[in-house]
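Asker: Following this line is target.csv, made up of CSV, C-alpha atoms:
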chain,number,residue,atom,x,y,z
A,212,ASP,CA,9.0,-0.1,-23.6
A,213,GLN,CA,8.8,0.2,-19.8
A,214,GLN,CA,5.9,2.5,-19.1
A,215,VAL,CA,6.2,2.3,-15.4
A,216,LYS,CA,9.7,2.5,-13.9
A,217,GLN,CA,11.1,1.9,-10.5
A,218,ASN,CA,14.7,2.9,-10.8
A,219,SER,CA,15.9,1.7,-7.4
A,220,PRO,CA,16.0,-2.1,-7.2
A,221,SER,CA,16.7,-2.0,-3.5
A,222,LEU,CA,16.5,0.3,-0.5
A,223,SER,CA,17.6,-0.2,3.1
A,224,VAL,CA,16.2,1.9,5.9
A,225,GLN,CA,16.7,1.9,9.7
A,226,GLU,CA,13.6,0.9,11.7
A,227,GLY,CA,11.6,3.9,12.8
A,228,ARG,CA,12.8,6.1,10.0
A,229,ILE,CA,11.0,7.1,6.8
A,230,SER,CA,11.1,4.9,3.8
A,231,ILE,CA,10.6,6.6,0.4
A,232,LEU,CA,10.0,4.5,-2.7
A,233,ASN,CA,9.8,6.2,-6.1
A,234,CYS,CA,8.1,5.5,-9.3
A,235,ASP,CA,8.0,7.2,-12.7
A,236,TYR,CA,5.7,6.7,-15.6
A,237,THR,CA,5.7,7.7,-19.2
A,238,ASN,CA,2.1,7.1,-20.4
A,239,SER,CA,0.1,10.3,-19.9
A,240,MET,CA,-3.1,8.2,-20.3
A,241,PHE,CA,-2.5,6.7,-16.9
A,242,ASP,CA,-4.9,8.2,-14.4
A,243,TYR,CA,-4.9,5.8,-11.4
A,244,PHE,CA,-1.9,4.5,-9.5
A,245,LEU,CA,-1.5,1.8,-7.0
A,246,TRP,CA,1.2,0.4,-4.7
A,247,TYR,CA,1.4,-3.3,-4.0
A,248,LYS,CA,3.6,-5.1,-1.5
A,249,LYS,CA,4.9,-8.6,-2.1
A,250,TYR,CA,6.4,-11.2,0.2
A,251,PRO,CA,8.2,-14.2,-1.1
A,252,ALA,CA,6.0,-17.1,-2.3
A,253,GLU,CA,2.8,-14.8,-2.0
A,254,GLY,CA,0.9,-12.8,-4.5
A,255,PRO,CA,1.0,-9.0,-4.4
A,256,THR,CA,-1.0,-7.3,-1.7
A,257,PHE,CA,-2.8,-4.1,-2.4
A,258,LEU,CA,-1.5,-1.2,-0.1
A,259,ILE,CA,-2.8,2.2,-1.3
A,260,SER,CA,-3.9,4.0,-4.4
A,261,ILE,CA,-4.3,7.5,-5.8
A,262,SER,CA,-6.4,9.0,-8.5
A,263,SER,CA,-4.8,11.6,-10.8
A,264,ILE,CA,-7.3,14.2,-9.6
A,265,LYS,CA,-5.5,14.1,-6.2
A,266,ASP,CA,-1.9,14.8,-5.3
A,267,LYS,CA,-1.8,13.0,-1.9
A,268,ASN,CA,-3.5,10.0,-0.3
A,269,GLU,CA,-2.8,8.8,3.2
A,270,ASP,CA,-3.7,5.6,5.0
A,271,GLY,CA,-2.1,5.1,8.4
A,272,ARG,CA,1.7,4.9,8.1
A,273,PHE,CA,1.4,4.9,4.3
A,274,THR,CA,1.2,8.1,2.1
A,275,VAL,CA,1.3,8.3,-1.7
A,276,PHE,CA,2.2,11.5,-3.4
A,277,LEU,CA,1.5,12.1,-7.1
A,278,ASN,CA,3.2,14.8,-9.2
A,279,LYS,CA,1.4,14.7,-12.6
A,280,SER,CA,3.6,17.3,-14.3
A,281,ALA,CA,6.7,15.3,-13.5
A,282,LYS,CA,4.9,11.9,-14.1
A,283,HIS,CA,6.3,10.8,-10.7
A,284,LEU,CA,4.8,9.2,-7.6
A,285,SER,CA,6.3,8.2,-4.3
A,286,LEU,CA,5.3,6.0,-1.4
A,287,HIS,CA,6.2,7.1,2.1
A,288,ILE,CA,6.2,4.7,5.0
A,289,VAL,CA,6.7,6.2,8.4
A,290,PRO,CA,7.7,5.0,10.8
A,291,SER,CA,9.2,2.0,9.0
A,292,GLN,CA,8.8,-1.4,10.8
A,293,PRO,CA,10.6,-4.7,10.2
A,294,GLY,CA,7.4,-6.2,8.8
A,295,ASP,CA,7.6,-3.7,6.0
A,296,SER,CA,10.5,-5.6,4.5
A,297,ALA,CA,9.2,-6.8,1.1
A,298,VAL,CA,9.2,-6.0,-2.6
A,299,TYR,CA,7.1,-3.0,-3.4
A,300,PHE,CA,5.5,-2.6,-6.9
A,301,CYS,CA,4.1,0.5,-8.4
A,302,ALA,CA,1.2,0.0,-10.9
A,303,ALA,CA,-0.8,2.2,-13.1
A,304,SER,CA,-4.0,2.1,-15.1
A,305,GLY,CA,-5.7,4.3,-17.7
A,306,SER,CA,-9.4,5.2,-17.9
A,307,GLY,CA,-11.2,2.6,-19.9
A,308,ASN,CA,-8.1,0.3,-19.7
A,309,GLU,CA,-8.6,-2.2,-17.0
A,310,LYS,CA,-5.2,-3.8,-16.9
A,311,LEU,CA,-2.5,-2.8,-14.5
A,312,THR,CA,1.0,-2.0,-15.8
A,313,PHE,CA,3.6,-2.7,-13.2
A,314,GLY,CA,7.1,-1.4,-12.5
A,315,THR,CA,9.9,-3.9,-11.8
A,316,GLY,CA,9.7,-3.4,-8.0
A,317,THR,CA,11.9,-2.1,-5.2
A,318,ARG,CA,13.1,-4.5,-2.5
A,319,LEU,CA,12.8,-2.7,0.8
A,320,THR,CA,14.8,-3.9,3.8
A,321,ILE,CA,14.2,-2.5,7.2
A,322,ILE,CA,17.2,-2.8,9.5
A,323,PRO,CA,16.3,-3.3,13.2
B,155,ASP,CA,-11.2,-16.2,4.4
B,156,THR,CA,-12.7,-15.6,0.9
B,157,GLY,CA,-9.6,-14.2,-0.9
B,158,VAL,CA,-8.5,-15.3,-4.3
B,159,SER,CA,-7.3,-18.8,-4.5
B,160,GLN,CA,-5.1,-20.6,-7.1
B,161,ASN,CA,-4.4,-24.2,-7.7
B,162,PRO,CA,-1.9,-25.8,-7.9
B,163,ARG,CA,0.6,-23.7,-6.1
B,164,HIS,CA,3.5,-25.3,-7.9
B,165,LYS,CA,3.7,-27.3,-11.2
B,166,ILE,CA,6.7,-29.0,-12.7
B,167,THR,CA,6.2,-30.3,-16.2
B,168,LYS,CA,8.3,-31.5,-19.1
B,169,ARG,CA,8.6,-29.5,-22.3
B,170,GLY,CA,5.8,-30.2,-24.7
B,171,GLN,CA,3.2,-31.2,-22.1
B,172,ASN,CA,0.0,-29.3,-21.5
B,173,VAL,CA,-0.8,-27.7,-18.1
B,174,THR,CA,-4.0,-26.1,-16.7
B,175,PHE,CA,-4.2,-23.8,-13.8
B,176,ARG,CA,-7.3,-22.8,-11.8
B,177,CYS,CA,-8.3,-19.5,-10.2
B,178,ASP,CA,-11.2,-18.9,-7.8
B,179,PRO,CA,-11.8,-15.2,-7.4
B,180,ILE,CA,-13.4,-13.3,-4.5
B,181,SER,CA,-17.0,-14.3,-4.8
B,182,GLU,CA,-18.6,-11.0,-5.4
B,183,HIS,CA,-16.0,-9.8,-7.9
B,184,ASN,CA,-17.1,-9.9,-11.5
B,185,ARG,CA,-13.7,-9.1,-13.1
B,186,LEU,CA,-10.9,-11.7,-13.2
B,187,TYR,CA,-7.4,-11.1,-14.5
B,188,TRP,CA,-4.4,-13.3,-15.4
B,189,TYR,CA,-0.8,-12.0,-15.1
B,190,ARG,CA,2.6,-13.6,-15.5
B,191,GLN,CA,5.7,-12.7,-13.5
B,192,THR,CA,9.2,-13.7,-14.2
B,193,LEU,CA,12.3,-13.1,-12.0
B,194,GLY,CA,13.2,-9.5,-11.5
B,195,GLN,CA,10.1,-8.2,-13.3
B,196,GLY,CA,6.7,-7.0,-12.2
B,197,PRO,CA,3.5,-8.8,-13.2
B,198,GLU,CA,2.6,-8.6,-16.9
B,199,PHE,CA,-1.0,-8.6,-18.0
B,200,LEU,CA,-2.2,-11.6,-20.0
B,201,THR,CA,-6.0,-11.4,-20.2
B,202,TYR,CA,-9.1,-10.4,-18.3
B,203,PHE,CA,-12.8,-11.4,-18.0
B,204,GLN,CA,-15.9,-9.5,-17.0
B,205,ASN,CA,-18.2,-12.2,-15.9
B,206,GLU,CA,-17.8,-15.0,-18.5
B,207,ALA,CA,-16.7,-12.6,-21.4
B,208,GLN,CA,-13.0,-12.4,-22.2
B,209,LEU,CA,-12.6,-8.7,-22.9
B,210,GLU,CA,-8.9,-8.3,-23.6
B,211,LYS,CA,-5.9,-10.4,-24.4
B,212,SER,CA,-2.3,-9.3,-24.4
B,213,ARG,CA,-0.1,-10.1,-27.4
B,214,LEU,CA,2.0,-12.0,-24.8
B,215,LEU,CA,-0.8,-14.6,-24.9
B,216,SER,CA,0.3,-16.8,-27.8
B,217,ASP,CA,-2.0,-19.2,-29.4
B,218,ARG,CA,-0.7,-21.9,-27.1
B,219,PHE,CA,-2.4,-20.1,-24.2
B,220,SER,CA,-6.2,-20.2,-23.6
B,221,ALA,CA,-8.2,-18.9,-20.8
B,222,GLU,CA,-11.8,-19.6,-19.9
B,223,ARG,CA,-14.3,-18.4,-17.3
B,224,PRO,CA,-17.3,-20.6,-18.2
B,225,LYS,CA,-19.9,-19.5,-15.6
B,226,GLY,CA,-18.4,-16.2,-14.6
B,227,SER,CA,-17.0,-17.7,-11.4
B,228,PHE,CA,-13.7,-19.6,-11.5
B,229,SER,CA,-11.3,-19.4,-14.4
B,230,THR,CA,-8.8,-21.8,-16.0
B,231,LEU,CA,-5.6,-20.9,-17.9
B,232,GLU,CA,-4.2,-23.7,-20.1
B,233,ILE,CA,-0.8,-23.7,-21.8
B,234,GLN,CA,-0.4,-26.3,-24.6
B,235,ARG,CA,3.0,-27.7,-25.7
B,236,THR,CA,4.8,-25.9,-22.9
B,237,GLU,CA,8.2,-24.4,-23.6
B,238,GLN,CA,11.0,-23.5,-21.1
B,239,GLY,CA,10.2,-19.8,-21.6
B,240,ASP,CA,6.8,-20.4,-20.1
B,241,SER,CA,8.5,-21.0,-16.7
B,242,ALA,CA,7.1,-18.2,-14.5
B,243,MET,CA,4.7,-17.3,-11.7
B,244,TYR,CA,1.1,-17.1,-13.0
B,245,LEU,CA,-1.0,-14.8,-11.0
B,246,CYS,CA,-4.7,-14.4,-10.9
B,247,ALA,CA,-6.5,-11.3,-9.6
B,248,SER,CA,-10.1,-10.1,-9.2
B,249,SER,CA,-11.9,-6.9,-8.8
B,250,LEU,CA,-15.3,-5.3,-9.0
B,251,ALA,CA,-16.3,-3.6,-12.2
B,252,GLY,CA,-15.5,0.1,-12.1
B,253,LYS,CA,-12.9,-0.4,-9.4
B,254,TYR,CA,-9.2,-0.2,-10.2
B,255,GLU,CA,-8.0,-2.1,-7.1
B,256,GLN,CA,-7.2,-5.7,-8.0
B,257,TYR,CA,-6.7,-8.4,-5.4
B,258,PHE,CA,-4.2,-11.1,-6.2
B,259,GLY,CA,-4.0,-14.8,-5.4
B,260,PRO,CA,-0.8,-16.5,-4.2
B,261,GLY,CA,0.1,-17.6,-7.7
B,262,THR,CA,1.0,-20.8,-9.5
B,263,ARG,CA,4.7,-21.3,-10.1
B,264,LEU,CA,5.3,-23.2,-13.3
B,265,THR,CA,8.7,-24.9,-14.0
B,266,VAL,CA,9.2,-26.4,-17.5
B,267,THR,CA,12.1,-28.8,-17.6
Could I get this structure in the form of structure tokens?
Answerer:
Amino acid sequence: DQQVKQNSPSLSVQEGRISILNCDYTNSMFDYFLWYKKYPAEGPTFLISISSIKDKNEDGRFTVFLNKSAKHLSLHIVPSQPGDSAVYFCAASGSGNEKLTFGTGTRLTIIP
Amino acid sequence: DTGVSQNPRHKITKRGQNVTFRCDPISEHNRLYWYRQTLGQGPEFLTYFQNEAQLEKSRLLSDRFSAERPKGSFSTLEIQRTEQGDSAMYLCASSLAGKYEQYFGPGTRLTVT
């Protein structure tokens, strides 16, 4: 049972444009959400997170939006840069449950 | 740099052999996690420690797997009688208690032949 879903395995975006990566979840106990970026042969790198009490969190070029009623979150990257090319994982955690549940990832390719 | 480190980075072993991996977390982090990642999937939780206490184990962690964190610092993950299905990337992460953000090491890639 995939509790965190990233339905787009890949996404290509022109350099300078906005990249939007989507994530859906099914477990209503999740109350904290994180995005990680992964380059080949490296571990995931923490990017940005959001608590369920918020609907938006911004950090530089990265913004995460949370729609609790739809159980949907998205990561916006603007402007996209070639160094953003990587696999992006959405992850979720529930209060009192320390483990992270990950989606299957979206491979983002930024086209120069 | 005092990030999470893992050794070895790569391990090739024959089926039936035992293997042990080591993880050194960020020094001030009291929580340590092990995940496993296979091709095309996200990391899957295996187990976690707070200090030296192992607080949760996934049902993915069969009795051939054992993890320890003897002094609340580094941790080891041992797989006994390896099987081809154990081939995966084994990731370690650490965090501060009460914080959701986990910081990952580079992983140990295990290949069982």
Asker: Using all atoms listed in the file, determine which residues of chain B fall within 12 Å of chain A; present them as a VMD selection string.
Answerer: chain B and resid 157 to 160 163 to 164 185 to 204 209 to 212 243 to 263
Asker: Can you write out the residues you just picked, keeping C-alpha atoms, as a tab-separated table (two decimals), in the frame of the given file?
Answerer:
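Okay, result.tsv is ready:
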chain	number	residue	atom	x	y	z
B	157	GLY	CA	-9.60	-14.20	-0.90
B	158	VAL	CA	-8.50	-15.30	-4.30
B	159	SER	CA	-7.30	-18.80	-4.50
B	160	GLN	CA	-5.10	-20.60	-7.10
B	163	ARG	CA	0.60	-23.70	-6.10
B	164	HIS	CA	3.50	-25.30	-7.90
B	185	ARG	CA	-13.70	-9.10	-13.10
B	186	LEU	CA	-10.90	-11.70	-13.20
B	187	TYR	CA	-7.40	-11.10	-14.50
B	188	TRP	CA	-4.40	-13.30	-15.40
B	189	TYR	CA	-0.80	-12.00	-15.10
B	190	ARG	CA	2.60	-13.60	-15.50
B	191	GLN	CA	5.70	-12.70	-13.50
B	192	THR	CA	9.20	-13.70	-14.20
B	193	LEU	CA	12.30	-13.10	-12.00
B	194	GLY	CA	13.20	-9.50	-11.50
B	195	GLN	CA	10.10	-8.20	-13.30
B	196	GLY	CA	6.70	-7.00	-12.20
B	197	PRO	CA	3.50	-8.80	-13.20
B	198	GLU	CA	2.60	-8.60	-16.90
B	199	PHE	CA	-1.00	-8.60	-18.00
B	200	LEU	CA	-2.20	-11.60	-20.00
B	201	THR	CA	-6.00	-11.40	-20.20
B	202	TYR	CA	-9.10	-10.40	-18.30
B	203	PHE	CA	-12.80	-11.40	-18.00
B	204	GLN	CA	-15.90	-9.50	-17.00
B	209	LEU	CA	-12.60	-8.70	-22.90
B	210	GLU	CA	-8.90	-8.30	-23.60
B	211	LYS	CA	-5.90	-10.40	-24.40
B	212	SER	CA	-2.30	-9.30	-24.40
B	243	MET	CA	4.70	-17.30	-11.70
B	244	TYR	CA	1.10	-17.10	-13.00
B	245	LEU	CA	-1.00	-14.80	-11.00
B	246	CYS	CA	-4.70	-14.40	-10.90
B	247	ALA	CA	-6.50	-11.30	-9.60
B	248	SER	CA	-10.10	-10.10	-9.20
B	249	SER	CA	-11.90	-6.90	-8.80
B	250	LEU	CA	-15.30	-5.30	-9.00
B	251	ALA	CA	-16.30	-3.60	-12.20
B	252	GLY	CA	-15.50	0.10	-12.10
B	253	LYS	CA	-12.90	-0.40	-9.40
B	254	TYR	CA	-9.20	-0.20	-10.20
B	255	GLU	CA	-8.00	-2.10	-7.10
B	256	GLN	CA	-7.20	-5.70	-8.00
B	257	TYR	CA	-6.70	-8.40	-5.40
B	258	PHE	CA	-4.20	-11.10	-6.20
B	259	GLY	CA	-4.00	-14.80	-5.40
B	260	PRO	CA	-0.80	-16.50	-4.20
B	261	GLY	CA	0.10	-17.60	-7.70
B	262	THR	CA	1.00	-20.80	-9.50
B	263	ARG	CA	4.70	-21.30	-10.10
Asker: I'd like the interatomic distance between atom CA of Gln213 of chain A and atom CA of Ser230 of chain A, to a tenth of an Å.
Answerer: 24.2 Å
Asker: One number please: atom CA of Asn278 of chain A to atom CA of Ala297 of chain A, in Å, one decimal.
Answerer: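 Distance between the two atoms: 24.7 Å.
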Asker: Measure the distance from atom CA of Met240 of chain A to atom CA of Leu215 of chain B in Å and round it to one decimal.
Answerer: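 Atom CA of Leu215 of chain B lies 23.4 Å from atom CA of Met240 of chain A.
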Asker: Hey, what's within 8 Å of Arg169 of chain B if we count only C-alpha atoms and toss same-chain stuff fewer than 3 positions away? As a PDB file with C-alpha atoms, in the frame of the given file, please?
Answerer:
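Once everything was written out, this is part_28.pdb:
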ATOM      1  CA  ARG B 235       3.000 -27.700 -25.700  1.00  0.00           C
ATOM      2  CA  THR B 236       4.800 -25.900 -22.900  1.00  0.00           C
ATOM      3  CA  GLU B 237       8.200 -24.400 -23.600  1.00  0.00           C
ATOM      4  CA  GLN B 238      11.000 -23.500 -21.100  1.00  0.00           C
ATOM      5  CA  VAL B 266       9.200 -26.400 -17.500  1.00  0.00           C
ATOM      6  CA  THR B 267      12.100 -28.800 -17.600  1.00  0.00           C
TER       7      THR B 267
END
Asker: Using only C-alpha atoms, which residue out of A:Val289, A:Phe273, A:Asn268, A:Gln214 lies closest to Lys248 of chain A?
Answerer: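 The closest residue to Lys248 of chain A is A:Phe273.
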Asker: Pick out the residues sitting within 12 Å of Glu226 of chain A, and hand them over as a PDB file with C-alpha atoms, in the coordinates of the input; count only C-alpha atoms, and ignore anything fewer than 2 positions along from it in its own chain.
Answerer:
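So the final result, stored in part_31.pdb, reads:
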ATOM      1  CA  SER A 223      17.600  -0.200   3.100  1.00  0.00           C
ATOM      2  CA  VAL A 224      16.200   1.900   5.900  1.00  0.00           C
ATOM      3  CA  ARG A 228      12.800   6.100  10.000  1.00  0.00           C
ATOM      4  CA  ILE A 229      11.000   7.100   6.800  1.00  0.00           C
ATOM      5  CA  SER A 230      11.100   4.900   3.800  1.00  0.00           C
ATOM      6  CA  ILE A 288       6.200   4.700   5.000  1.00  0.00           C
ATOM      7  CA  VAL A 289       6.700   6.200   8.400  1.00  0.00           C
ATOM      8  CA  PRO A 290       7.700   5.000  10.800  1.00  0.00           C
ATOM      9  CA  SER A 291       9.200   2.000   9.000  1.00  0.00           C
ATOM     10  CA  GLN A 292       8.800  -1.400  10.800  1.00  0.00           C
ATOM     11  CA  PRO A 293      10.600  -4.700  10.200  1.00  0.00           C
ATOM     12  CA  GLY A 294       7.400  -6.200   8.800  1.00  0.00           C
ATOM     13  CA  ASP A 295       7.600  -3.700   6.000  1.00  0.00           C
ATOM     14  CA  SER A 296      10.500  -5.600   4.500  1.00  0.00           C
ATOM     15  CA  LEU A 319      12.800  -2.700   0.800  1.00  0.00           C
ATOM     16  CA  THR A 320      14.800  -3.900   3.800  1.00  0.00           C
ATOM     17  CA  ILE A 321      14.200  -2.500   7.200  1.00  0.00           C
ATOM     18  CA  ILE A 322      17.200  -2.800   9.500  1.00  0.00           C
ATOM     19  CA  PRO A 323      16.300  -3.300  13.200  1.00  0.00           C
TER      20      PRO A 323
END
Asker: Given the point (-7.3, -19.9, -25.6) in the coordinates of this file, which residues lie within 12 Å, counting all atoms listed in the file, and how would they look as a VMD selection string?
Answerer: chain B and resid 174 200 to 201 208 210 to 212 215 to 223 229 to 234
Asker: If we count all atoms listed in the file, what is near His283 of chain A at a cut-off of 8 Å, once residues fewer than 5 positions away on the same chain are taken out, given as a list in words?
Answerer: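 In the requested format, the answer is Asn233, Cys234, Asp235, Tyr236, Leu277 and Asn278 of chain A.
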Asker: Write a file of the just-selected residues containing C-alpha atoms, as a JSON list (two decimals), keeping the file's coordinate frame.
Answerer:
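Just written: part_37.json:
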[["chain", "number", "residue", "atom", "x", "y", "z"],
["A", 233, "ASN", "CA", 9.80, 6.20, -6.10],
["A", 234, "CYS", "CA", 8.10, 5.50, -9.30],
["A", 235, "ASP", "CA", 8.00, 7.20, -12.70],
["A", 236, "TYR", "CA", 5.70, 6.70, -15.60],
["A", 277, "LEU", "CA", 1.50, 12.10, -7.10],
["A", 278, "ASN", "CA", 3.20, 14.80, -9.20]]
Asker: Write a file for segment 243-258 of chain B, containing N, CA, C and O atoms (output as a short mmCIF file (atom, residue, chain, number, x, y, z; two decimals), in the first residue's frame).
Answerer:
data_model
loop_
_atom_site.label_atom_id
_atom_site.label_comp_id
_atom_site.auth_asym_id
_atom_site.auth_seq_id
_atom_site.Cartn_x
_atom_site.Cartn_y
_atom_site.Cartn_z
N MET B 243 20.51 -0.40 -1.83
CA MET B 243 21.28 0.67 -1.19
C MET B 243 20.78 0.76 0.25
O MET B 243 19.57 0.90 0.47
N TYR B 244 21.69 0.69 1.19
CA TYR B 244 21.33 0.82 2.60
C TYR B 244 21.75 2.20 3.08
O TYR B 244 22.91 2.57 3.03
N LEU B 245 20.74 2.97 3.51
CA LEU B 245 20.94 4.36 3.87
C LEU B 245 20.80 4.54 5.37
O LEU B 245 19.92 3.95 6.01
N CYS B 246 21.63 5.38 5.91
CA CYS B 246 21.57 5.75 7.32
C CYS B 246 21.24 7.24 7.39
O CYS B 246 21.68 8.02 6.54
N ALA B 247 20.45 7.61 8.37
CA ALA B 247 20.11 9.01 8.58
C ALA B 247 20.15 9.31 10.06
O ALA B 247 20.02 8.40 10.90
N SER B 248 20.31 10.59 10.40
CA SER B 248 20.26 10.96 11.81
C SER B 248 19.46 12.24 11.98
O SER B 248 19.26 13.00 11.02
N SER B 249 19.00 12.44 13.19
CA SER B 249 18.22 13.65 13.49
C SER B 249 18.30 13.93 14.99
O SER B 249 18.74 13.10 15.78
N LEU B 250 17.83 15.11 15.35
CA LEU B 250 17.66 15.44 16.77
C LEU B 250 16.27 14.98 17.19
O LEU B 250 15.31 15.07 16.42
N ALA B 251 16.16 14.49 18.41
CA ALA B 251 14.85 14.10 18.93
C ALA B 251 13.91 15.29 18.86
O ALA B 251 14.29 16.42 19.20
N GLY B 252 12.68 15.04 18.40
CA GLY B 252 11.69 16.11 18.31
C GLY B 252 11.71 16.84 16.99
O GLY B 252 10.85 17.67 16.72
N LYS B 253 12.71 16.54 16.15
CA LYS B 253 12.81 17.17 14.84
C LYS B 253 12.48 16.14 13.75
O LYS B 253 12.96 15.01 13.81
N TYR B 254 11.69 16.54 12.78
CA TYR B 254 11.33 15.61 11.72
C TYR B 254 12.42 15.48 10.64
O TYR B 254 12.49 14.46 9.96
N GLU B 255 13.22 16.52 10.49
CA GLU B 255 14.21 16.52 9.41
C GLU B 255 15.30 15.50 9.70
O GLU B 255 15.94 15.56 10.75
N GLN B 256 15.49 14.60 8.77
CA GLN B 256 16.54 13.60 8.89
C GLN B 256 17.61 13.87 7.84
O GLN B 256 17.28 14.27 6.71
N TYR B 257 18.86 13.65 8.22
CA TYR B 257 19.98 13.93 7.33
C TYR B 257 20.66 12.61 7.00
O TYR B 257 21.03 11.85 7.90
N PHE B 258 20.79 12.37 5.70
CA PHE B 258 21.22 11.07 5.21
C PHE B 258 22.71 11.01 4.90
O PHE B 258 23.30 12.01 4.48
#
